[in-house]
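protein-v3.cif (mmCIF, C-alpha atoms and all ligand atoms)
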```cif
data_upload
loop_
_atom_site.label_atom_id
_atom_site.label_comp_id
_atom_site.auth_asym_id
_atom_site.auth_seq_id
_atom_site.Cartn_x
_atom_site.Cartn_y
_atom_site.Cartn_z
CA MET D 1 -42.84 154.70 167.16
CA GLY D 2 -41.59 158.01 165.95
CA LEU D 3 -38.69 160.33 166.36
CA VAL D 4 -39.07 162.75 169.17
CA THR D 5 -36.00 164.79 169.81
CA GLY D 6 -35.97 167.41 172.44
CA GLY D 7 -38.73 169.73 173.57
CA GLY D 8 -42.27 169.99 172.41
CA CYS D 9 -45.07 167.64 173.14
CA SER D 10 -45.11 164.05 172.09
CA LEU D 11 -48.05 161.76 171.86
CA THR D 12 -47.31 158.12 172.19
CA LEU D 13 -49.84 155.69 170.86
CA ASP D 14 -48.98 152.26 172.13
CA PHE D 15 -50.82 149.45 170.41
CA SER D 16 -48.53 146.71 171.64
CA ASP D 17 -49.66 143.91 173.90
CA LYS D 18 -48.08 145.50 176.91
CA ALA D 19 -50.66 148.26 176.77
CA ILE D 20 -53.37 145.68 177.35
CA PRO D 21 -53.92 144.38 180.86
CA LYS D 22 -52.37 140.94 181.11
CA ASP D 23 -55.24 139.52 183.05
CA ALA D 24 -58.49 140.44 181.43
CA THR D 25 -61.40 140.78 183.74
CA PRO D 26 -63.69 137.76 183.88
CA ASP D 27 -66.21 139.55 181.72
CA GLY D 28 -63.64 141.02 179.37
CA PRO D 29 -63.19 139.88 175.82
CA ILE D 30 -61.52 136.53 175.27
CA PRO D 31 -58.13 136.99 173.57
CA ALA D 32 -58.13 135.96 169.92
CA ALA D 33 -55.12 133.75 170.50
CA ALA D 34 -57.06 131.69 173.03
CA CYS D 35 -60.01 131.42 170.65
CA ALA D 36 -57.67 130.24 167.89
CA PHE D 37 -55.74 127.79 170.04
CA GLN D 38 -55.31 124.56 168.05
CA GLU D 39 -58.32 125.36 165.88
CA PRO D 40 -59.88 123.90 163.85
CA ASN D 41 -60.79 121.25 166.39
CA ASP D 42 -64.55 121.13 166.36
CA THR D 43 -64.72 117.41 165.58
CA ALA D 44 -62.95 114.33 166.86
CA ALA D 45 -61.47 113.88 163.39
CA THR D 46 -59.78 117.28 163.57
CA ALA D 47 -58.73 117.02 167.20
CA MET D 48 -55.21 118.30 167.76
CA THR D 49 -52.82 115.98 169.57
CA VAL D 50 -51.66 117.09 172.99
CA THR D 51 -49.15 115.53 175.31
CA ALA D 52 -49.00 115.41 179.07
CA GLY D 53 -48.76 118.90 180.49
CA VAL D 54 -50.77 122.07 180.45
CA THR D 55 -52.75 122.86 177.33
CA GLY D 56 -53.82 126.40 176.73
CA PRO D 57 -54.71 129.07 177.28
CA ALA D 58 -57.55 128.05 175.04
CA ALA D 59 -61.16 129.16 174.90
CA ILE D 60 -64.67 128.33 173.91
CA CYS D 61 -65.65 131.36 171.88
CA ALA D 62 -68.78 132.79 170.39
CA GLY D 63 -69.29 131.84 166.79
CA SER D 64 -71.04 133.74 164.06
CA ALA D 65 -74.77 134.11 164.34
CA GLY D 66 -76.59 130.90 163.62
CA ALA D 67 -73.44 128.82 163.75
CA PRO D 68 -73.20 125.92 166.17
CA ASP D 69 -71.41 126.53 169.45
CA ASP D 70 -67.66 126.28 169.51
CA GLN D 71 -66.30 123.06 170.93
CA ASP D 72 -62.74 121.85 171.29
CA TYR D 73 -61.51 118.31 170.82
CA TYR D 74 -58.03 117.18 171.81
CA ARG D 75 -56.34 113.87 171.14
CA PHE D 76 -53.83 112.12 173.37
CA SER D 77 -52.07 108.78 173.54
CA VAL D 78 -51.98 106.45 176.49
CA PRO D 79 -48.70 104.50 176.50
CA ASP D 80 -48.12 100.97 177.71
CA ASN D 81 -47.91 100.48 181.44
CA THR D 82 -50.07 103.45 182.42
CA ALA D 83 -51.52 103.47 185.91
CA SER D 84 -53.80 106.46 185.58
CA VAL D 85 -54.82 109.33 183.38
CA VAL D 86 -56.20 112.61 184.68
CA VAL D 87 -57.77 115.25 182.47
CA GLN D 88 -58.46 118.45 184.36
CA LEU D 89 -60.24 121.48 182.95
CA ASP D 90 -59.88 124.83 184.75
CA PHE D 91 -61.57 128.10 183.94
CA ALA D 92 -62.51 131.36 185.58
CA SER D 93 -65.85 131.34 187.29
CA LYS D 94 -68.39 133.52 185.54
CA PRO D 95 -72.14 133.27 185.15
CA THR D 96 -72.08 132.77 181.39
CA GLY D 97 -68.97 130.66 181.21
CA ASP D 98 -69.61 127.17 182.52
CA LEU D 99 -67.65 124.60 180.55
CA ASP D 100 -67.88 120.83 180.71
CA LEU D 101 -65.62 117.93 179.81
CA LYS D 102 -66.15 114.58 178.12
CA LEU D 103 -63.81 111.72 177.29
CA PHE D 104 -64.30 109.58 174.20
CA SER D 105 -62.78 106.72 172.30
CA SER D 106 -60.31 107.69 169.59
CA ASP D 107 -62.94 108.20 166.90
CA GLY D 108 -65.21 110.18 169.18
CA THR D 109 -68.09 107.73 168.94
CA MET D 110 -67.97 106.10 172.36
CA GLN D 111 -68.30 108.25 175.46
CA LEU D 112 -66.10 106.92 178.25
CA ALA D 113 -66.64 109.53 180.96
CA GLN D 114 -68.01 113.00 181.53
CA SER D 115 -67.61 115.73 184.12
CA ARG D 116 -70.45 118.21 184.10
CA GLY D 117 -70.31 120.10 187.35
CA PHE D 118 -71.30 123.65 188.12
CA GLY D 119 -67.95 124.75 189.52
CA ASP D 120 -64.98 126.29 187.78
CA SER D 121 -63.15 123.05 187.13
CA GLU D 122 -63.90 119.60 185.80
CA THR D 123 -61.77 116.53 186.34
CA ILE D 124 -61.89 113.05 184.84
CA THR D 125 -59.63 110.46 186.43
CA CYS D 126 -59.27 107.05 184.82
CA PRO D 127 -59.61 104.73 186.52
CA GLY D 128 -61.90 106.65 188.81
CA ALA D 129 -65.27 106.55 190.48
CA SER D 130 -66.52 110.14 190.37
CA PRO D 131 -67.15 110.51 187.54
CA THR D 132 -67.01 106.88 186.59
CA CYS D 133 -64.16 106.03 184.25
CA ALA D 134 -62.53 102.70 183.56
CA ALA D 135 -58.77 102.30 183.26
CA LEU D 136 -57.62 103.38 179.82
CA THR D 137 -55.88 100.76 177.77
CA THR D 138 -52.99 101.63 175.48
CA GLY D 139 -54.09 103.73 172.55
CA ASP D 140 -55.51 107.06 171.49
CA TYR D 141 -58.39 108.92 173.06
CA VAL D 142 -60.03 112.30 172.62
CA PHE D 143 -61.50 114.66 175.16
CA LEU D 144 -63.96 117.44 174.48
CA VAL D 145 -64.36 120.86 176.08
CA PHE D 146 -67.76 122.35 175.40
CA PRO D 147 -70.18 124.94 176.77
CA ALA D 148 -72.39 123.58 179.53
CA VAL D 149 -75.24 125.69 178.21
CA THR D 150 -75.65 126.83 174.63
CA GLY D 151 -73.95 130.14 174.04
CA GLN D 152 -71.67 130.10 177.05
CA THR D 153 -68.04 131.04 176.46
CA ASN D 154 -64.88 131.12 178.53
CA GLU D 155 -61.13 130.79 178.52
CA TYR D 156 -59.65 127.63 179.98
CA ASN D 157 -56.60 125.49 180.52
CA VAL D 158 -56.43 121.74 180.42
CA THR D 159 -53.92 119.73 182.41
CA LEU D 160 -53.26 116.21 181.16
CA THR D 161 -51.46 113.93 183.61
CA ILE D 162 -50.41 110.42 182.66
CA THR D 163 -48.92 108.38 185.48
CA ALA D 164 -46.87 105.30 184.64
CA GLY D 165 -47.60 102.06 186.39
CA SER D 166 -45.14 100.02 188.36
CA GLY D 167 -45.57 96.93 186.25
CA SER D 168 -43.28 95.49 183.64
CA GLY D 169 -40.70 97.59 181.92
CA SER D 170 -38.71 100.20 183.74
CA GLY D 171 -40.44 99.57 187.04
CA SER D 172 -40.38 103.21 187.92
CA GLY D 173 -42.62 102.88 190.92
CA SER D 174 -45.53 105.01 191.94
CA GLY D 175 -46.15 108.44 190.63
CA VAL D 176 -46.47 111.69 192.47
CA CA D 201 -63.14 124.70 168.53
#
```

What is this file in structure tokens?
Ligand SMILES: [Ca+2]
Amino acid sequence: MGLVTGGGCSLTLDFSDKAIPKDATPDGPIPAAACAFQEPNDTAATAMTVTAGVTGPAAICAGSAGAPDDQDYYRFSVPDNTASVVVQLDFASKPTGDLDLKLFSSDGTMQLAQSRGFGDSETITCPGASPTCAALTTGDYVFLVFPAVTGQTNEYNVTLTITAGSGSGSGSGSGV
């Protein structure tokens, strides 16, 4: 800001977001907004509800010294007549940023599936065989994004896809 009229030198100090590269390098700092996305959500009880679609950008971020690792719980509802549910976690590949994914019952006590690969994405499909997951009955569930190894951090997006069945009701046929 400032009033610069005519000649002379002007020095512009731009602290706005546009002065920051949109796409941080993989080893760059994780944006605060991603760290704060839907926090607090470190327990199943405080999981924020998400609906089908893309969730994020979010992040697993470094905590204060001595604090437990960040972890992010999200809650979603499976409606009647659901054929399948897919939870996909995507993140940039970096050596200290491997994230994993688990699916739990609504209260977080019963693990239903987990995806703990070494790549830059994790996917749980229910019903599905790899990883094993039974069909999800109507109701609420939570999934958890967490560092594969203590201390690892990364930005991520989650894509939740709920495909309706062709059974009773609207009979909308198969999904995509
Ligand atoms: Ca968290």

At a cut-off of 6 Å, can you tabulate as CSV every residue of stretch 48-103 of chain D near stretch 137-159 of chain D together with its closest atom pair and the distance in Å to one decimal, using only C-alpha atoms and ordering rows by chain then number?
```
residue,atom,partner,partner_atom,distance
D:Gly53,CA,D:Thr159,CA,5.6
D:Val54,CA,D:Thr159,CA,4.4
D:Thr55,CA,D:Val158,CA,4.9
D:Gly56,CA,D:Asn157,CA,4.8
D:Pro57,CA,D:Asn157,CA,5.2
D:Ala58,CA,D:Tyr156,CA,5.4
D:Ala59,CA,D:Glu155,CA,4.0
D:Ile60,CA,D:Thr153,CA,5.0
D:Cys61,CA,D:Thr153,CA,5.2
D:Gln71,CA,D:Phe146,CA,4.8
D:Asp72,CA,D:Val145,CA,5.2
D:Tyr73,CA,D:Leu144,CA,4.5
D:Tyr74,CA,D:Val142,CA,5.3
D:Arg75,CA,D:Val142,CA,4.3
D:Phe76,CA,D:Tyr141,CA,5.6
D:Ser77,CA,D:Asp140,CA,4.4
D:Val78,CA,D:Thr138,CA,5.0
D:Pro79,CA,D:Thr138,CA,5.3
D:Asp80,CA,D:Thr138,CA,5.4
D:Val87,CA,D:Thr159,CA,5.9
D:Gln88,CA,D:Thr159,CA,5.1
D:Leu89,CA,D:Val158,CA,4.6
D:Asp90,CA,D:Asn157,CA,5.4
D:Phe91,CA,D:Tyr156,CA,4.4
D:Thr96,CA,D:Gln152,CA,5.1
D:Gly97,CA,D:Thr153,CA,4.9
D:Asp98,CA,D:Ala148,CA,5.4
D:Leu99,CA,D:Pro147,CA,4.6
D:Asp100,CA,D:Ala148,CA,5.4
D:Leu101,CA,D:Val145,CA,4.9
D:Lys102,CA,D:Leu144,CA,5.1
D:Leu103,CA,D:Phe143,CA,4.3
```

Quiz item: Of the residues D:Pro68, D:Ser105, D:Pro31, D:Ala52, which is the one nearest to ligand CA 201 (chain D), using all atoms listed in the file?
Solution: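 For ligand CA 201 (chain D), the nearest of the given residues is D:Pro68.
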
Quiz item: Which protein, DNA or RNA residues have an atom within 6 Å of ligand CA 201 (chain D), counting all atoms listed in the file, as a list in words?
Solution: Glu39, Pro40, Asn41, Asp42, Asp70, Gln71 and Asp72 of chain D

Using C-alpha atoms, can you export the residues from the last selection as a short mmCIF file (atom, residue, chain, number, x, y, z; two decimals), in the frame of the given file?
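Written file, result-v4.cif:
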```cif
data_model
loop_
_atom_site.label_atom_id
_atom_site.label_comp_id
_atom_site.auth_asym_id
_atom_site.auth_seq_id
_atom_site.Cartn_x
_atom_site.Cartn_y
_atom_site.Cartn_z
CA GLU D 39 -58.32 125.36 165.88
CA PRO D 40 -59.88 123.90 163.85
CA ASN D 41 -60.79 121.25 166.39
CA ASP D 42 -64.55 121.13 166.36
CA ASP D 70 -67.66 126.28 169.51
CA GLN D 71 -66.30 123.06 170.93
CA ASP D 72 -62.74 121.85 171.29
#
```

Exercise. Extract, using all atoms listed in the file, all DNA, RNA and protein residues at most 8 Å from D:Ile162, discarding same-chain residues fewer than 6 positions from it, and format them as a list of chain:residue names.
Key: D:Ala52, D:Val78, D:Thr82, D:Ala83, D:Ser84, D:Val85, D:Val86

Self-check item: d(atom CA of D:Ser166, atom CA of D:Gly128) in Å
Solution: 18.0 Å

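Considering the residues D:Thr161, D:Ala92, D:Pro29, D:Gly63 and counting only C-alpha atoms, D:Thr123 has its shortest atom-to-atom contact with D:Thr161.
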
Exercise. Tell me, in Å to one decimal, how far atom CA of D:Thr51 is from atom CA of D:Lys94.
Key: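 Interatomic distance, atom CA of D:Thr51 to atom CA of D:Lys94: 28.3 Å.
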
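The two atoms in question, atom CA of D:Leu136 and atom CA of D:Asn81, are spaced 10.3 Å apart.
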